[in-house]
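Everything below belongs to upload_12.pdb, which stores PDB, C-alpha atoms and all ligand atoms.
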```pdb
ATOM      1  CA  MET A   1       1.812   3.235   8.508  1.00  0.00           C
ATOM      2  CA  THR A   2       4.296   4.529  11.090  1.00  0.00           C
ATOM      3  CA  GLU A   3       5.546   0.944  11.399  1.00  0.00           C
ATOM      4  CA  ASP A   4       6.519   1.006   7.699  1.00  0.00           C
ATOM      5  CA  LYS A   5       8.555   4.160   8.217  1.00  0.00           C
ATOM      6  CA  ALA A   6      10.194   2.607  11.252  1.00  0.00           C
ATOM      7  CA  GLU A   7      11.210  -0.400   9.150  1.00  0.00           C
ATOM      8  CA  VAL A   8      12.723   1.804   6.428  1.00  0.00           C
ATOM      9  CA  SER A   9      14.592   4.093   8.831  1.00  0.00           C
ATOM     10  CA  MET A  10      15.890   0.992  10.613  1.00  0.00           C
ATOM     11  CA  THR A  11      17.392  -0.446   7.444  1.00  0.00           C
ATOM     12  CA  ARG A  12      18.805   2.984   6.592  1.00  0.00           C
ATOM     13  CA  LYS A  13      20.517   3.111   9.982  1.00  0.00           C
ATOM     14  CA  GLU A  14      21.840  -0.374   9.435  1.00  0.00           C
ATOM     15  CA  TYR A  15      23.146   0.718   6.037  1.00  0.00           C
ATOM     16  CA  ASP A  16      24.907   3.732   7.562  1.00  0.00           C
ATOM     17  CA  ALA A  17      26.419   1.510  10.256  1.00  0.00           C
ATOM     18  CA  LEU A  18      27.654  -0.942   7.615  1.00  0.00           C
ATOM     19  CA  LYS A  19      29.075   1.933   5.557  1.00  0.00           C
ATOM     20  CA  ALA A  20      30.942   3.260   8.592  1.00  0.00           C
ATOM     21  CA  LYS A  21      32.232  -0.228   9.293  1.00  0.00           C
ATOM     22  CA  ALA A  22      33.340  -0.601   5.654  1.00  0.00           C
ATOM     23  CA  ALA A  23      35.642   2.426   6.141  1.00  0.00           C
ATOM     24  CA  GLY A  24      37.566   0.366   8.725  1.00  0.00           C
ATOM     25  CA  ASP A  25      37.825  -3.384   8.293  1.00  0.00           C
ATOM     26  CA  ALA A  26      35.277  -4.198   5.622  1.00  0.00           C
ATOM     27  CA  PRO A  27      33.645  -7.570   6.064  1.00  0.00           C
ATOM     28  CA  ALA A  28      33.698  -9.544   2.824  1.00  0.00           C
ATOM     29  CA  GLY A  29      30.353 -10.489   1.347  1.00  0.00           C
ATOM     30  CA  ASP A  30      29.317 -14.002   2.294  1.00  0.00           C
ATOM     31  CA  GLY A  31      26.912 -14.863  -0.487  1.00  0.00           C
ATOM     32  CA  PRO A  32      24.561 -13.488  -3.078  1.00  0.00           C
ATOM     33  CA  THR A  33      22.410 -11.759  -0.454  1.00  0.00           C
ATOM     34  CA  VAL A  34      25.174  -9.164   0.162  1.00  0.00           C
ATOM     35  CA  ASP A  35      25.388  -6.496  -2.516  1.00  0.00           C
ATOM     36  CA  SER A  36      28.255  -4.145  -3.488  1.00  0.00           C
ATOM     37  CA  ARG A  37      27.370  -1.772  -0.647  1.00  0.00           C
ATOM     38  CA  GLY A  38      27.544  -4.595   1.924  1.00  0.00           C
ATOM     39  CA  PHE A  39      23.837  -4.309   2.515  1.00  0.00           C
ATOM     40  CA  LYS A  40      22.462  -7.692   3.462  1.00  0.00           C
ATOM     41  CA  THR A  41      18.902  -8.898   3.299  1.00  0.00           C
ATOM     42  CA  VAL A  42      17.674  -9.934   6.717  1.00  0.00           C
ATOM     43  CA  GLU A  43      18.177 -13.659   7.079  1.00  0.00           C
ATOM     44  CA  GLY A  44      15.020 -15.696   6.534  1.00  0.00           C
ATOM     45  CA  MET A  45      13.368 -12.799   4.697  1.00  0.00           C
ATOM     46  CA  GLU A  46      14.817 -13.543   1.249  1.00  0.00           C
ATOM     47  CA  ASP A  47      11.327 -14.366  -0.048  1.00  0.00           C
ATOM     48  CA  ILE A  48      10.259 -10.782   0.646  1.00  0.00           C
ATOM     49  CA  ASP A  49      13.014  -9.533  -1.680  1.00  0.00           C
ATOM     50  CA  THR A  50      10.990 -10.309  -4.816  1.00  0.00           C
ATOM     51  CA  ASN A  51      13.437  -8.828  -7.363  1.00  0.00           C
ATOM     52  CA  GLY A  52      16.405 -10.489  -5.624  1.00  0.00           C
ATOM     53  CA  ASP A  53      18.627  -7.380  -5.346  1.00  0.00           C
ATOM     54  CA  GLY A  54      19.490  -8.021  -1.707  1.00  0.00           C
ATOM     55  CA  HIS A  55      17.377  -5.117  -0.464  1.00  0.00           C
ATOM     56  CA  ILE A  56      13.940  -4.965   1.001  1.00  0.00           C
ATOM     57  CA  SER A  57      12.508  -1.828  -0.562  1.00  0.00           C
ATOM     58  CA  LYS A  58       9.498   0.123   0.661  1.00  0.00           C
ATOM     59  CA  GLY A  59       7.326  -1.481  -2.005  1.00  0.00           C
ATOM     60  CA  GLU A  60       8.504  -4.981  -1.130  1.00  0.00           C
ATOM     61  CA  MET A  61       7.963  -4.309   2.575  1.00  0.00           C
ATOM     62  CA  ASP A  62       4.479  -2.924   1.861  1.00  0.00           C
ATOM     63  CA  MET A  63       3.709  -6.018  -0.206  1.00  0.00           C
ATOM     64  CA  HIS A  64       4.995  -8.254   2.580  1.00  0.00           C
ATOM     65  CA  LEU A  65       2.902  -6.458   5.192  1.00  0.00           C
ATOM     66  CA  GLU A  66      -0.145  -6.695   2.912  1.00  0.00           C
ATOM     67  CA  PHE A  67       0.376 -10.444   2.581  1.00  0.00           C
ATOM     68  CA  LYS A  68       0.829 -10.777   6.331  1.00  0.00           C
ATOM     69  CA  ARG A  69      -2.354  -8.776   6.960  1.00  0.00           C
ATOM     70  CA  LYS A  70      -4.279 -10.976   4.505  1.00  0.00           C
ATOM     71  CA  GLU A  71      -2.853 -14.096   6.161  1.00  0.00           C
ATOM     72  CA  LEU A  72      -4.020 -12.907   9.576  1.00  0.00           C
ATOM     73  CA  GLU A  73      -7.470 -12.017   8.218  1.00  0.00           C
ATOM     74  CA  ASP A  74      -7.750 -15.455   6.613  1.00  0.00           C
ATOM     75  CA  ALA A  75      -6.730 -17.165   9.844  1.00  0.00           C
ATOM     76  CA  ASP A  76      -9.296 -15.059  11.723  1.00  0.00           C
ATOM     77  CA  ALA A  77     -12.050 -15.930   9.229  1.00  0.00           C
ATOM     78  CA  MET A  78     -11.092 -19.609   9.461  1.00  0.00           C
ATOM     79  CA  ARG A  79     -11.364 -19.584  13.258  1.00  0.00           C
ATOM     80  CA  ASP A  80     -14.776 -17.870  13.031  1.00  0.00           C
ATOM     81  CA  ALA A  81     -15.969 -20.502  10.553  1.00  0.00           C
ATOM     82  CA  GLN A  82     -14.703 -23.326  12.764  1.00  0.00           C
ATOM     83  CA  ARG A  83     -16.424 -21.818  15.802  1.00  0.00           C
ATOM     84  CA  LYS A  84     -19.719 -21.568  13.892  1.00  0.00           C
ATOM     85  CA  MET A  85     -19.404 -25.156  12.684  1.00  0.00           C
ATOM     86  CA  ALA A  86     -18.642 -26.390  16.212  1.00  0.00           C
ATOM     87  CA  TRP A  87     -21.728 -24.624  17.629  1.00  0.00           C
ATOM     88  CA  PHE A  88     -23.901 -25.891  14.783  1.00  0.00           C
ATOM     89  CA  SER A  89     -22.813 -29.495  15.282  1.00  0.00           C
ATOM     90  CA  LEU A  90     -23.169 -29.196  19.066  1.00  0.00           C
ATOM     91  CA  PHE A  91     -26.759 -27.959  18.821  1.00  0.00           C
ATOM     92  CA  GLY A  92     -27.454 -30.514  16.122  1.00  0.00           C
ATOM     93  CA  MET A  93     -26.332 -33.329  18.392  1.00  0.00           C
ATOM     94  CA  LEU A  94     -28.189 -31.950  21.418  1.00  0.00           C
ATOM     95  CA  LEU A  95     -31.474 -31.297  19.611  1.00  0.00           C
ATOM     96  CA  TYR A  96     -31.514 -34.499  17.556  1.00  0.00           C
ATOM     97  CA  PRO A  97     -32.978 -36.703  20.389  1.00  0.00           C
ATOM     98  CA  PHE A  98     -35.740 -34.142  21.013  1.00  0.00           C
ATOM     99  CA  ALA A  99     -36.549 -34.118  17.304  1.00  0.00           C
ATOM    100  CA  VAL A 100     -36.751 -37.932  17.333  1.00  0.00           C
ATOM    101  CA  VAL A 101     -39.025 -37.943  20.417  1.00  0.00           C
ATOM    102  CA  ILE A 102     -41.299 -35.247  18.963  1.00  0.00           C
ATOM    103  CA  ALA A 103     -41.535 -37.103  15.651  1.00  0.00           C
ATOM    104  CA  SER A 104     -42.372 -40.434  17.327  1.00  0.00           C
ATOM    105  CA  VAL A 105     -44.986 -38.851  19.626  1.00  0.00           C
ATOM    106  CA  ALA A 106     -46.563 -37.144  16.625  1.00  0.00           C
ATOM    107  CA  GLY A 107     -46.574 -40.519  14.838  1.00  0.00           C
ATOM    108  CA  ILE A 108     -48.278 -42.257  17.773  1.00  0.00           C
ATOM    109  CA  VAL A 109     -50.882 -39.486  18.097  1.00  0.00           C
ATOM    110  CA  ALA A 110     -51.574 -39.577  14.363  1.00  0.00           C
ATOM    111  CA  ALA A 111     -51.907 -43.381  14.439  1.00  0.00           C
ATOM    112  CA  PHE A 112     -54.292 -43.186  17.438  1.00  0.00           C
ATOM    113  CA  PHE A 113     -56.594 -40.613  15.887  1.00  0.00           C
ATOM    114  CA  GLY A 114     -56.357 -42.363  12.552  1.00  0.00           C
ATOM    115  CA  ALA A 115     -57.484 -45.618  14.180  1.00  0.00           C
ATOM    116  CA  GLN A 116     -60.322 -43.793  15.995  1.00  0.00           C
ATOM    117  CA  ALA A 117     -61.558 -42.229  12.788  1.00  0.00           C
ATOM    118  CA  PHE A 118     -61.287 -45.573  10.972  1.00  0.00           C
ATOM    119  CA  SER A 119     -63.247 -47.498  13.642  1.00  0.00           C
ATOM    120  CA  LYS A 120     -65.894 -44.743  13.819  1.00  0.00           C
ATOM    121  CA  GLY A 121     -66.330 -44.813  10.097  1.00  0.00           C
ATOM    122  CA  LYS A 122     -67.124 -48.536  10.162  1.00  0.00           C
TER     123      LYS A 122
HETATM  124 CA    CA B 201      14.387  -6.014  -3.619  1.00  0.00          CA
END
```

Go ahead and express the file in the form of C-alpha cells.
Amino acid sequence: MTEDKAEVSMTRKEYDALKAKAAGDAPAGDGPTVDSRGFKTVEGMEDIDTNGDGHISKGEMDMHLEFKRKELEDADAMRDAQRKMAWFSLFGMLLYPFAVVIASVAGIVAAFFGAQAFSKGK
C-alpha cells in the first residue's frame, strides 16, 4: 500500500516539476498523451490509462497493480502445476517397469497354481 502512495507522490512531483518548467520555456506537447497541463503518461504504460486522459490515476494504478498481482499469482500457480506434472510423469516412468514385472510374476504364479489345481483335479 505504501508503494501506491509512492507512485502517486512521484507523479505529483513530476507534475510540479513540469509546471515549474512550463513557467520558463514550455515544451510543446508531442502527441495525444500530453494533456493541457503538460502531464505525460509514462511511455509504454498507455494501456494502464484506461480512460485515455493522459494521466494514471490512483484507481488506474490500483487496477494495474491488481492485474500485475493476479498475473504473478497465475504464473506461480502454473509453475506449481508444471512441477507436479513433472514429478508425476517421472514417478510414472520409473515405477512402470516394476508394475510390469509384478504383473507378469503374478501371472506366472497364477498360471502355475492354476495348472497344479487342474492336474490334481483330474
Ligand atoms: Ca486515466

Let me have the centre and edge lengths of the axis-aligned box enclosing all listed atoms of segment 11-18 of chain A with 3 Å padding on every side, in Å to one decimal, as AutoDock Vina command-line options.
```
--center_x 22.5 --center_y 1.4 --center_z 8.1 --size_x 16.3 --size_y 10.7 --size_z 10.2
```

List all protein, DNA and RNA residues that have any atom at most 6 Å from ligand CA 201 (chain B), counting only C-alpha atoms and all ligand atoms, and write the list as number ranges by chain. A: 49-57

Nearest candidate to Lys58 of chain A (options A:Arg12, A:Val109, A:Gln116, A:Ala22; using only C-alpha atoms): A:Arg12

Near Ile48 of chain A, within 9 Å and counting only C-alpha atoms, which residues show up once chain neighbours fewer than 5 positions away are dropped, as a list in words?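 Selected residues are Ile56, Glu60, Met61, Met63 and His64 of chain A.
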
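When atom CA of Glu46 of chain A is paired with atom CA of Lys70 of chain A, their separation reads 19.5 Å.
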